[in-house]
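start_20.txt follows (compact mmCIF, C-alpha atoms):
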```txt
# COMPACT_ATOMS: atom_id res chain seq x y z
CA MET B 1 -23.02 12.91 25.26
CA HIS B 2 -20.13 14.88 23.80
CA ASN B 3 -17.22 13.19 22.08
CA ILE B 4 -14.54 14.28 19.65
CA ALA B 5 -15.06 12.31 16.45
CA ILE B 6 -13.49 11.81 13.06
CA THR B 7 -15.95 13.22 10.55
CA GLY B 8 -13.92 13.00 7.33
CA LEU B 9 -11.05 10.97 5.87
CA GLY B 10 -8.53 11.64 3.11
CA HIS B 11 -5.27 10.30 1.72
CA TYR B 12 -2.65 10.84 -0.95
CA LEU B 13 -0.22 8.34 -2.49
CA PRO B 14 2.47 9.15 -5.06
CA LYS B 15 1.97 7.52 -8.44
CA ARG B 16 5.44 6.01 -8.73
CA VAL B 17 5.61 2.40 -7.51
CA LEU B 18 8.97 0.87 -6.58
CA SER B 19 8.80 -2.92 -6.60
CA ASN B 20 11.05 -5.42 -4.88
CA SER B 21 12.29 -6.65 -8.26
CA GLU B 22 13.52 -3.11 -9.03
CA LEU B 23 15.30 -2.98 -5.69
CA GLU B 24 17.08 -6.23 -6.54
CA LYS B 25 18.81 -4.30 -9.33
CA MET B 26 19.79 -1.43 -7.02
CA VAL B 27 21.21 -3.18 -3.94
CA GLU B 28 22.23 -6.67 -2.89
CA THR B 29 18.88 -8.09 -1.82
CA SER B 30 16.12 -10.37 -3.10
CA GLU B 31 12.35 -10.20 -3.34
CA GLU B 32 12.04 -13.41 -1.31
CA TRP B 33 14.18 -11.96 1.50
CA ILE B 34 12.24 -8.67 1.60
CA ILE B 35 8.82 -10.34 1.69
CA SER B 36 9.80 -12.99 4.25
CA ARG B 37 11.41 -10.46 6.60
CA THR B 38 9.06 -7.49 6.18
CA GLY B 39 5.92 -8.42 4.22
CA ILE B 40 6.58 -5.57 1.76
CA LYS B 41 6.06 -6.13 -1.97
CA GLU B 42 6.19 -2.53 -3.20
CA ARG B 43 6.21 1.05 -1.98
CA ARG B 44 5.35 4.54 -3.30
CA ILE B 45 8.10 7.07 -4.07
CA ALA B 46 7.34 10.80 -4.24
CA ASP B 47 9.01 12.77 -7.01
CA LYS B 48 10.66 16.20 -6.64
CA GLY B 49 7.36 18.04 -7.06
CA GLU B 50 5.59 15.98 -4.42
CA LYS B 51 6.81 17.64 -1.24
CA THR B 52 5.48 16.66 2.16
CA SER B 53 3.22 19.73 2.21
CA PHE B 54 1.88 18.88 -1.27
CA MET B 55 0.89 15.38 -0.17
CA ALA B 56 -0.50 16.66 3.13
CA ALA B 57 -2.67 19.28 1.40
CA LYS B 58 -4.05 16.72 -1.06
CA ALA B 59 -5.03 14.39 1.79
CA ALA B 60 -6.51 17.28 3.78
CA LYS B 61 -8.64 18.44 0.83
CA GLU B 62 -10.15 14.97 0.46
CA ALA B 63 -10.87 14.79 4.20
CA ILE B 64 -12.61 18.19 4.13
CA ASN B 65 -14.75 17.14 1.18
CA ASP B 66 -15.56 13.85 2.90
CA ALA B 67 -16.63 15.70 6.06
CA GLY B 68 -18.65 18.30 4.15
CA VAL B 69 -17.29 21.10 6.33
CA ASP B 70 -16.61 24.64 5.14
CA ILE B 71 -12.90 25.39 5.01
CA GLN B 72 -13.40 28.60 7.00
CA ASP B 73 -14.85 26.53 9.86
CA ILE B 74 -11.47 24.81 10.26
CA ASP B 75 -9.71 26.58 13.13
CA LEU B 76 -6.81 24.18 13.78
CA ILE B 77 -4.36 22.30 11.53
CA VAL B 78 -1.90 19.85 13.09
CA VAL B 79 0.52 17.87 10.93
CA GLY B 80 2.52 14.93 12.19
CA THR B 81 5.76 14.76 10.19
CA THR B 82 9.52 14.41 10.46
CA THR B 83 10.19 15.37 6.85
CA PRO B 84 9.06 19.01 6.54
CA ASP B 85 9.68 20.96 3.34
CA SER B 86 11.62 23.50 5.38
CA ASN B 87 12.75 24.07 8.94
CA PHE B 88 10.15 26.82 8.88
CA PRO B 89 7.43 27.56 7.94
CA SER B 90 5.81 24.39 9.26
CA VAL B 91 4.12 21.94 6.92
CA ALA B 92 0.85 22.88 8.62
CA CYS B 93 1.30 26.51 7.54
CA TRP B 94 2.01 25.45 3.95
CA VAL B 95 -1.17 23.35 4.09
CA GLN B 96 -3.10 26.34 5.43
CA LYS B 97 -1.89 28.43 2.49
CA GLU B 98 -2.86 25.76 -0.05
CA LEU B 99 -6.32 25.31 1.47
CA ASN B 100 -6.90 29.02 2.14
CA ALA B 101 -7.88 28.06 5.70
CA LYS B 102 -7.43 31.58 7.02
CA ASN B 103 -9.10 30.98 10.37
CA ALA B 104 -6.78 28.18 11.49
CA ALA B 105 -3.89 28.02 13.93
CA CYS B 106 -1.23 25.72 12.51
CA PHE B 107 1.73 23.72 13.79
CA ASP B 108 3.63 20.47 13.26
CA VAL B 109 4.20 17.59 15.66
CA SER B 110 7.46 15.63 15.46
CA ALA B 111 6.92 12.07 16.69
CA ALA B 112 8.25 10.03 13.74
CA CYS B 113 6.06 7.02 12.92
CA SER B 114 3.71 7.86 15.81
CA GLY B 115 3.30 11.42 14.50
CA PHE B 116 -0.29 11.02 13.29
CA LEU B 117 -1.44 9.68 16.67
CA PHE B 118 0.42 12.36 18.62
CA ALA B 119 -1.15 14.98 16.34
CA LEU B 120 -4.60 13.39 16.69
CA THR B 121 -4.39 13.30 20.48
CA THR B 122 -3.09 16.89 20.60
CA ALA B 123 -5.90 18.20 18.39
CA LYS B 124 -8.47 16.31 20.43
CA GLN B 125 -7.29 18.02 23.63
CA TYR B 126 -7.59 21.46 22.06
CA ILE B 127 -11.15 20.75 20.88
CA SER B 128 -12.08 19.21 24.25
CA SER B 129 -10.89 22.36 26.01
CA GLY B 130 -13.21 24.49 23.87
CA MET B 131 -10.37 26.48 22.34
CA PHE B 132 -11.08 25.14 18.83
CA LYS B 133 -14.06 23.48 17.15
CA ASN B 134 -12.87 21.76 13.96
CA ALA B 135 -9.38 20.45 13.21
CA ILE B 136 -7.56 18.94 10.29
CA VAL B 137 -5.08 16.32 11.46
CA VAL B 138 -2.54 15.01 8.96
CA GLY B 139 0.15 12.35 8.99
CA ALA B 140 2.54 12.97 6.09
CA ASP B 141 6.12 12.01 5.31
CA LYS B 142 8.45 11.97 2.35
CA PHE B 143 10.65 9.52 4.17
CA THR B 144 12.54 8.32 1.12
CA ASN B 145 14.41 11.66 1.26
CA LEU B 146 16.07 10.33 4.42
CA ILE B 147 17.11 6.99 2.96
CA ASP B 148 20.58 5.92 1.88
CA TRP B 149 19.75 3.90 -1.23
CA ASN B 150 23.01 1.97 -0.84
CA ASP B 151 21.93 0.67 2.59
CA ARG B 152 19.95 -2.51 1.96
CA SER B 153 18.86 -2.72 5.62
CA THR B 154 16.76 0.45 5.35
CA CYS B 155 16.06 1.25 1.70
CA VAL B 156 13.69 -1.72 1.29
CA LEU B 157 11.46 -0.61 4.16
CA PHE B 158 10.17 2.88 3.48
CA GLY B 159 7.77 4.73 1.21
CA ASP B 160 5.99 8.09 0.96
CA GLY B 161 2.41 9.26 1.45
CA ALA B 162 -0.12 11.22 3.49
CA GLY B 163 -3.39 10.64 5.31
CA ALA B 164 -5.73 13.11 6.97
CA VAL B 165 -8.86 13.37 9.09
CA VAL B 166 -11.26 16.11 10.11
CA LEU B 167 -11.88 16.13 13.86
CA SER B 168 -14.97 17.77 15.36
CA ASN B 169 -17.14 17.87 18.46
CA THR B 170 -20.14 15.56 18.22
CA ARG B 171 -23.26 14.96 20.31
CA SER B 172 -23.08 11.17 20.34
CA ASP B 173 -21.36 8.23 22.00
CA HIS B 174 -19.16 7.80 18.91
CA GLY B 175 -15.64 9.19 18.66
CA ILE B 176 -12.24 8.91 20.34
CA LEU B 177 -12.89 7.23 23.68
CA ALA B 178 -9.32 6.91 24.99
CA ASP B 179 -5.82 8.13 24.19
CA TYR B 180 -2.30 7.11 25.14
CA ILE B 181 1.05 8.65 24.22
CA HIS B 182 4.39 7.80 25.79
CA SER B 183 8.09 8.25 25.09
CA LEU B 184 11.24 6.21 25.76
CA GLY B 185 13.94 8.75 25.06
CA GLU B 186 16.65 6.59 26.65
CA PHE B 187 16.52 4.40 23.53
CA GLY B 188 16.62 7.26 21.04
CA GLU B 189 19.88 6.13 19.44
CA PHE B 190 18.19 2.96 18.18
CA MET B 191 16.71 4.96 15.27
CA GLN B 192 17.83 8.45 14.41
CA VAL B 193 18.75 10.98 11.78
CA ILE B 194 21.63 13.13 12.99
CA ALA B 195 21.51 16.65 11.62
CA GLU B 196 24.80 18.21 10.56
CA GLU B 197 26.27 20.55 13.16
CA ARG B 198 26.67 23.98 11.62
CA GLN B 199 29.64 26.08 12.67
CA PRO B 200 28.80 29.77 13.12
CA LEU B 201 30.71 32.21 10.90
CA ASP B 202 32.36 29.33 9.01
CA GLN B 203 32.93 30.64 5.49
CA LYS B 204 35.52 28.09 4.40
CA SER B 205 33.64 24.80 4.66
CA LYS B 206 31.73 23.92 1.50
CA HIS B 207 30.97 20.27 2.31
CA LEU B 208 27.37 19.53 3.25
CA ALA B 209 26.78 16.11 4.77
CA VAL B 210 23.43 14.58 3.85
CA PRO B 211 21.76 13.03 6.92
CA TYR B 212 20.31 9.55 6.50
CA ALA B 213 18.14 7.39 8.75
CA LEU B 214 20.15 4.97 10.88
CA MET B 215 18.33 2.07 12.50
CA ARG B 216 19.18 -0.78 14.88
CA GLY B 217 16.41 -3.15 13.89
CA GLN B 218 17.02 -6.02 16.29
CA GLU B 219 16.93 -3.78 19.35
CA LEU B 220 13.84 -1.97 18.06
CA PHE B 221 11.84 -5.14 17.43
CA LYS B 222 11.28 -6.21 21.04
CA ILE B 223 10.59 -2.67 22.28
CA ALA B 224 8.12 -2.07 19.43
CA VAL B 225 6.20 -5.26 20.16
CA ASN B 226 6.01 -4.68 23.91
CA SER B 227 5.17 -0.97 23.59
CA MET B 228 2.42 -1.41 21.01
CA SER B 229 0.75 -4.35 22.77
CA ASP B 230 0.88 -2.47 26.10
CA ALA B 231 -0.63 0.61 24.40
CA VAL B 232 -3.57 -1.42 23.08
CA GLU B 233 -4.23 -2.79 26.56
CA ILE B 234 -3.97 0.66 28.17
CA VAL B 235 -6.48 2.39 25.86
CA ALA B 236 -8.90 -0.54 26.13
CA ARG B 237 -8.75 -0.28 29.92
CA LYS B 238 -9.17 3.51 29.82
CA ALA B 239 -12.22 3.22 27.54
CA LYS B 240 -13.61 0.28 29.56
CA VAL B 241 -13.79 -1.79 26.39
CA LYS B 242 -12.99 -5.51 26.43
CA ILE B 243 -10.18 -6.71 24.16
CA ASP B 244 -12.63 -9.18 22.57
CA ASP B 245 -14.89 -6.26 21.60
CA ILE B 246 -12.17 -4.58 19.52
CA VAL B 247 -13.24 -5.34 15.95
CA CYS B 248 -10.14 -3.99 14.23
CA VAL B 249 -6.61 -2.88 15.08
CA VAL B 250 -5.00 -0.38 12.71
CA PRO B 251 -1.28 -0.71 13.49
CA HIS B 252 1.74 1.18 12.27
CA GLN B 253 2.92 -0.61 9.14
CA ALA B 254 6.59 -1.09 10.01
CA ASN B 255 7.07 -4.81 9.59
CA ASP B 256 4.66 -7.72 9.19
CA ARG B 257 6.58 -9.75 11.78
CA ILE B 258 6.17 -6.95 14.33
CA ILE B 259 2.42 -6.85 13.65
CA ALA B 260 2.18 -10.63 14.06
CA ALA B 261 4.05 -10.46 17.37
CA VAL B 262 1.83 -7.62 18.64
CA ALA B 263 -1.25 -9.67 17.74
CA LYS B 264 0.09 -12.67 19.64
CA LYS B 265 1.06 -10.69 22.73
CA SER B 266 -2.23 -8.75 22.74
CA LYS B 267 -4.21 -11.99 22.29
CA ILE B 268 -6.04 -10.45 19.36
CA PRO B 269 -6.25 -12.63 16.21
CA LYS B 270 -4.02 -11.27 13.47
CA GLU B 271 -7.03 -11.41 11.16
CA ARG B 272 -8.42 -8.42 13.07
CA PHE B 273 -5.36 -6.33 12.20
CA PHE B 274 -5.68 -4.16 9.11
CA ILE B 275 -2.49 -4.60 7.07
CA ASN B 276 -1.46 -2.75 3.91
CA ILE B 277 2.32 -2.82 4.34
CA ASP B 278 2.60 -5.07 1.29
CA LYS B 279 1.48 -2.18 -0.95
CA TYR B 280 3.16 0.82 0.68
CA GLY B 281 5.92 -0.20 3.07
CA ASN B 282 6.56 2.02 6.08
CA MET B 283 5.30 5.55 5.35
CA SER B 284 6.24 6.83 8.82
CA ALA B 285 3.54 9.23 10.13
CA ALA B 286 1.37 8.54 7.09
CA SER B 287 1.14 4.77 7.71
CA CYS B 288 -1.65 4.73 10.31
CA ALA B 289 -3.51 7.58 8.62
CA VAL B 290 -3.60 5.82 5.23
CA ALA B 291 -4.38 2.45 6.83
CA LEU B 292 -7.30 4.02 8.72
CA TYR B 293 -8.61 5.54 5.49
CA GLU B 294 -8.49 2.18 3.70
CA ALA B 295 -9.92 0.23 6.65
CA VAL B 296 -13.00 2.48 6.76
CA LYS B 297 -13.46 2.86 3.01
CA SER B 298 -13.14 -0.91 2.44
CA GLY B 299 -15.73 -1.70 5.10
CA ARG B 300 -13.37 -3.37 7.55
CA ILE B 301 -14.49 -0.76 10.09
CA LYS B 302 -18.25 -0.22 10.22
CA LYS B 303 -20.62 2.06 12.11
CA GLY B 304 -20.61 1.23 15.81
CA ASP B 305 -17.35 -0.76 15.74
CA TYR B 306 -14.68 -0.35 18.38
CA PHE B 307 -11.18 -0.15 16.92
CA VAL B 308 -7.68 0.83 17.98
CA ILE B 309 -5.01 2.78 16.10
CA VAL B 310 -1.54 2.08 17.50
CA ALA B 311 1.94 3.16 16.42
CA PHE B 312 5.57 3.03 17.48
CA GLY B 313 8.43 5.11 16.16
CA ALA B 314 11.78 6.81 16.58
CA GLY B 315 12.20 8.81 19.74
CA LEU B 316 11.35 6.26 20.91
CA VAL B 317 7.62 7.05 21.01
CA VAL B 318 4.38 5.09 21.15
CA GLY B 319 0.76 6.14 20.81
CA ALA B 320 -2.71 4.61 20.67
CA ASN B 321 -6.33 5.73 20.35
CA LEU B 322 -9.44 3.66 20.94
CA ILE B 323 -12.33 4.85 18.80
CA LYS B 324 -15.99 3.98 18.38
CA TRP B 325 -16.90 4.53 14.74
```

Will you turn the file into structure tokens for me?
Amino acid sequence: MHNIAITGLGHYLPKRVLSNSELEKMVETSEEWIISRTGIKERRIADKGEKTSFMAAKAAKEAINDAGVDIQDIDLIVVGTTTPDSNFPSVACWVQKELNAKNAACFDVSAACSGFLFALTTAKQYISSGMFKNAIVVGADKFTNLIDWNDRSTCVLFGDGAGAVVLSNTRSDHGILADYIHSLGEFGEFMQVIAEERQPLDQKSKHLAVPYALMRGQELFKIAVNSMSDAVEIVARKAKVKIDDIVCVVPHQANDRIIAAVAKKSKIPKERFFINIDKYGNMSAASCAVALYEAVKSGRIKKGDYFVIVAFGAGLVVGANLIKW
């Protein structure tokens, strides 16, 4: 059999930890409120030198070492991110430069918190077609750059980080067995960052508005729960795997209450969900990638296990992959 499988894992987390008690001194909030509403105790904050591409390259290097593949055998790099260093070049091209992966085609995928899964599914299709053989797939975001630190409804939620995998063709029954990506663009205004409109040939205006993430949490909650639980069911049906046979669900780490509601609706015990939101908050595209890394490295996912990665994000977008490890 031929499947496309994850052969290496990597991650990167900034050293700086921002605790709830520190946030209490910055905005009108409390540790009890943050934990009860979100499940978050602390998050990582990247400094000025830790750009998205820096974190992505660090995670990619670890994944390559973990896979034991030669860098020149990597012929595709796909990065899921909504916080690129620059409008262009892409983060993927910056990663290519850092890794010296001269044989790779490189591009970014913009799908917010579902970015890693959209990138993973995209890379899988390219390898399945025979166009490429080995891919690096990264989920990386410096999302705290998009946060208004005076807005207590959003600043408590987010953190920074990166996770990466190496994806290759394999002669086994292990690998990515089913994929699902979907978009709900009609609800895009529920979470957005509006870029400033630039006026051509305007030499007088010196004001530069800084765009921040705006979110309508109550409206997002129900859609997130329904979309993620439906996605789990869809990939299980596509892979012909029973829900009871799914050993672990690696969900997007947006909110502990959302994860609990997805577990209830999917009829999968919450104990089977891998949760690290308490340590990192919502790292956008990096959340699922880092959670997958920790789930495998901690032994929660073992050889032969069926598991699902599922995410929901701004767009609105949802994605899921069912994998046999």

12 Å contact set for B:Val250, all atoms listed in the file, chain neighbours under 5 positions out, as a short mmCIF file (atom, residue, chain, number, x, y, z; two decimals) with C-alpha atoms, keeping the file's coordinate frame:
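Okay, selection10.cif is ready:
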```
data_model
loop_
_atom_site.label_atom_id
_atom_site.label_comp_id
_atom_site.auth_asym_id
_atom_site.auth_seq_id
_atom_site.Cartn_x
_atom_site.Cartn_y
_atom_site.Cartn_z
CA LEU B 117 -1.44 9.68 16.67
CA MET B 228 2.42 -1.41 21.01
CA VAL B 232 -3.57 -1.42 23.08
CA ILE B 259 2.42 -6.85 13.65
CA VAL B 262 1.83 -7.62 18.64
CA ALA B 263 -1.25 -9.67 17.74
CA LYS B 270 -4.02 -11.27 13.47
CA GLU B 271 -7.03 -11.41 11.16
CA ARG B 272 -8.42 -8.42 13.07
CA PHE B 273 -5.36 -6.33 12.20
CA PHE B 274 -5.68 -4.16 9.11
CA ILE B 275 -2.49 -4.60 7.07
CA ASN B 276 -1.46 -2.75 3.91
CA ILE B 277 2.32 -2.82 4.34
CA SER B 287 1.14 4.77 7.71
CA CYS B 288 -1.65 4.73 10.31
CA ALA B 289 -3.51 7.58 8.62
CA VAL B 290 -3.60 5.82 5.23
CA ALA B 291 -4.38 2.45 6.83
CA LEU B 292 -7.30 4.02 8.72
CA TYR B 293 -8.61 5.54 5.49
CA GLU B 294 -8.49 2.18 3.70
CA ALA B 295 -9.92 0.23 6.65
CA VAL B 296 -13.00 2.48 6.76
CA ARG B 300 -13.37 -3.37 7.55
CA ILE B 301 -14.49 -0.76 10.09
CA TYR B 306 -14.68 -0.35 18.38
CA PHE B 307 -11.18 -0.15 16.92
CA VAL B 308 -7.68 0.83 17.98
CA ILE B 309 -5.01 2.78 16.10
CA VAL B 310 -1.54 2.08 17.50
CA ALA B 311 1.94 3.16 16.42
CA GLY B 319 0.76 6.14 20.81
CA ALA B 320 -2.71 4.61 20.67
CA ASN B 321 -6.33 5.73 20.35
CA LEU B 322 -9.44 3.66 20.94
CA ILE B 323 -12.33 4.85 18.80
#
```

Tell me, as number ranges by chain, which residues lie within 10 Å of stretch 2-10 of chain B, counting only C-alpha atoms; anything in the same chain fewer than 5 positions away does not count.
-> B: 56-69, 120, 123-125, 127-128, 133-138, 162-177, 289-290, 292-294, 296-297, 323-325

I need the chosen residues saved as an mmCIF file, in the coordinates of the input, with C-alpha atoms.
```cif
data_model
loop_
_atom_site.group_PDB
_atom_site.id
_atom_site.type_symbol
_atom_site.label_atom_id
_atom_site.label_comp_id
_atom_site.auth_asym_id
_atom_site.auth_seq_id
_atom_site.Cartn_x
_atom_site.Cartn_y
_atom_site.Cartn_z
ATOM 1 C CA ALA B 56 -0.500 16.660 3.130
ATOM 2 C CA ALA B 57 -2.670 19.280 1.400
ATOM 3 C CA LYS B 58 -4.050 16.720 -1.060
ATOM 4 C CA ALA B 59 -5.030 14.390 1.790
ATOM 5 C CA ALA B 60 -6.510 17.280 3.780
ATOM 6 C CA LYS B 61 -8.640 18.440 0.830
ATOM 7 C CA GLU B 62 -10.150 14.970 0.460
ATOM 8 C CA ALA B 63 -10.870 14.790 4.200
ATOM 9 C CA ILE B 64 -12.610 18.190 4.130
ATOM 10 C CA ASN B 65 -14.750 17.140 1.180
ATOM 11 C CA ASP B 66 -15.560 13.850 2.900
ATOM 12 C CA ALA B 67 -16.630 15.700 6.060
ATOM 13 C CA GLY B 68 -18.650 18.300 4.150
ATOM 14 C CA VAL B 69 -17.290 21.100 6.330
ATOM 15 C CA LEU B 120 -4.600 13.390 16.690
ATOM 16 C CA ALA B 123 -5.900 18.200 18.390
ATOM 17 C CA LYS B 124 -8.470 16.310 20.430
ATOM 18 C CA GLN B 125 -7.290 18.020 23.630
ATOM 19 C CA ILE B 127 -11.150 20.750 20.880
ATOM 20 C CA SER B 128 -12.080 19.210 24.250
ATOM 21 C CA LYS B 133 -14.060 23.480 17.150
ATOM 22 C CA ASN B 134 -12.870 21.760 13.960
ATOM 23 C CA ALA B 135 -9.380 20.450 13.210
ATOM 24 C CA ILE B 136 -7.560 18.940 10.290
ATOM 25 C CA VAL B 137 -5.080 16.320 11.460
ATOM 26 C CA VAL B 138 -2.540 15.010 8.960
ATOM 27 C CA ALA B 162 -0.120 11.220 3.490
ATOM 28 C CA GLY B 163 -3.390 10.640 5.310
ATOM 29 C CA ALA B 164 -5.730 13.110 6.970
ATOM 30 C CA VAL B 165 -8.860 13.370 9.090
ATOM 31 C CA VAL B 166 -11.260 16.110 10.110
ATOM 32 C CA LEU B 167 -11.880 16.130 13.860
ATOM 33 C CA SER B 168 -14.970 17.770 15.360
ATOM 34 C CA ASN B 169 -17.140 17.870 18.460
ATOM 35 C CA THR B 170 -20.140 15.560 18.220
ATOM 36 C CA ARG B 171 -23.260 14.960 20.310
ATOM 37 C CA SER B 172 -23.080 11.170 20.340
ATOM 38 C CA ASP B 173 -21.360 8.230 22.000
ATOM 39 C CA HIS B 174 -19.160 7.800 18.910
ATOM 40 C CA GLY B 175 -15.640 9.190 18.660
ATOM 41 C CA ILE B 176 -12.240 8.910 20.340
ATOM 42 C CA LEU B 177 -12.890 7.230 23.680
ATOM 43 C CA ALA B 289 -3.510 7.580 8.620
ATOM 44 C CA VAL B 290 -3.600 5.820 5.230
ATOM 45 C CA LEU B 292 -7.300 4.020 8.720
ATOM 46 C CA TYR B 293 -8.610 5.540 5.490
ATOM 47 C CA GLU B 294 -8.490 2.180 3.700
ATOM 48 C CA VAL B 296 -13.000 2.480 6.760
ATOM 49 C CA LYS B 297 -13.460 2.860 3.010
ATOM 50 C CA ILE B 323 -12.330 4.850 18.800
ATOM 51 C CA LYS B 324 -15.990 3.980 18.380
ATOM 52 C CA TRP B 325 -16.900 4.530 14.740
#
```

Answer as an NGL selection string, residues within 12 Å of (4.1, 13.7, 11.7) using all atoms listed in the file | :B and (52-53 or 56 or 78-84 or 90-92 or 107-120 or 122 or 137-143 or 161-164 or 283-289 or 311 or 313-314 or 317)

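Across the model, the gap from atom CA of B:Ser266 to atom CA of B:Asp230 is 7.8 Å.
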
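Here atom CA of B:Arg16 stands at a distance of 7.8 Å from atom CA of B:Asp47.
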
Could I see stretch 284-298 of chain B restored to N, CA and C atoms, set down as a PDB file, in the frame of the given file?
```pdb
ATOM      1  N   SER B 284       6.034   6.018   7.620  1.00  0.00           N
ATOM      2  CA  SER B 284       6.240   6.830   8.820  1.00  0.00           C
ATOM      3  C   SER B 284       4.902   7.368   9.330  1.00  0.00           C
ATOM      4  N   ALA B 285       4.770   8.673   9.551  1.00  0.00           N
ATOM      5  CA  ALA B 285       3.540   9.230  10.130  1.00  0.00           C
ATOM      6  C   ALA B 285       2.312   8.990   9.275  1.00  0.00           C
ATOM      7  N   ALA B 286       2.513   8.747   7.981  1.00  0.00           N
ATOM      8  CA  ALA B 286       1.370   8.540   7.090  1.00  0.00           C
ATOM      9  C   ALA B 286       0.795   7.131   7.188  1.00  0.00           C
ATOM     10  N   SER B 287       1.548   6.182   7.741  1.00  0.00           N
ATOM     11  CA  SER B 287       1.140   4.770   7.710  1.00  0.00           C
ATOM     12  C   SER B 287      -0.221   4.540   8.362  1.00  0.00           C
ATOM     13  N   CYS B 288      -0.375   4.947   9.612  1.00  0.00           N
ATOM     14  CA  CYS B 288      -1.650   4.730  10.310  1.00  0.00           C
ATOM     15  C   CYS B 288      -2.781   5.518   9.679  1.00  0.00           C
ATOM     16  N   ALA B 289      -2.469   6.730   9.213  1.00  0.00           N
ATOM     17  CA  ALA B 289      -3.510   7.580   8.620  1.00  0.00           C
ATOM     18  C   ALA B 289      -4.055   6.961   7.335  1.00  0.00           C
ATOM     19  N   VAL B 290      -3.161   6.450   6.487  1.00  0.00           N
ATOM     20  CA  VAL B 290      -3.600   5.820   5.230  1.00  0.00           C
ATOM     21  C   VAL B 290      -4.288   4.489   5.516  1.00  0.00           C
ATOM     22  N   ALA B 291      -3.765   3.731   6.476  1.00  0.00           N
ATOM     23  CA  ALA B 291      -4.380   2.450   6.830  1.00  0.00           C
ATOM     24  C   ALA B 291      -5.790   2.667   7.385  1.00  0.00           C
ATOM     25  N   LEU B 292      -5.970   3.709   8.201  1.00  0.00           N
ATOM     26  CA  LEU B 292      -7.300   4.020   8.720  1.00  0.00           C
ATOM     27  C   LEU B 292      -8.251   4.355   7.583  1.00  0.00           C
ATOM     28  N   TYR B 293      -7.796   5.185   6.652  1.00  0.00           N
ATOM     29  CA  TYR B 293      -8.610   5.540   5.490  1.00  0.00           C
ATOM     30  C   TYR B 293      -9.071   4.276   4.756  1.00  0.00           C
ATOM     31  N   GLU B 294      -8.143   3.372   4.475  1.00  0.00           N
ATOM     32  CA  GLU B 294      -8.490   2.180   3.700  1.00  0.00           C
ATOM     33  C   GLU B 294      -9.357   1.208   4.502  1.00  0.00           C
ATOM     34  N   ALA B 295      -9.120   1.129   5.816  1.00  0.00           N
ATOM     35  CA  ALA B 295      -9.920   0.230   6.650  1.00  0.00           C
ATOM     36  C   ALA B 295     -11.380   0.661   6.676  1.00  0.00           C
ATOM     37  N   VAL B 296     -11.620   1.969   6.747  1.00  0.00           N
ATOM     38  CA  VAL B 296     -13.000   2.480   6.760  1.00  0.00           C
ATOM     39  C   VAL B 296     -13.625   2.374   5.381  1.00  0.00           C
ATOM     40  N   LYS B 297     -12.893   2.826   4.362  1.00  0.00           N
ATOM     41  CA  LYS B 297     -13.460   2.860   3.010  1.00  0.00           C
ATOM     42  C   LYS B 297     -13.705   1.456   2.445  1.00  0.00           C
ATOM     43  N   SER B 298     -12.954   0.471   2.916  1.00  0.00           N
ATOM     44  CA  SER B 298     -13.140  -0.910   2.440  1.00  0.00           C
ATOM     45  C   SER B 298     -14.205  -1.662   3.219  1.00  0.00           C
TER      46      SER B 298
END
```
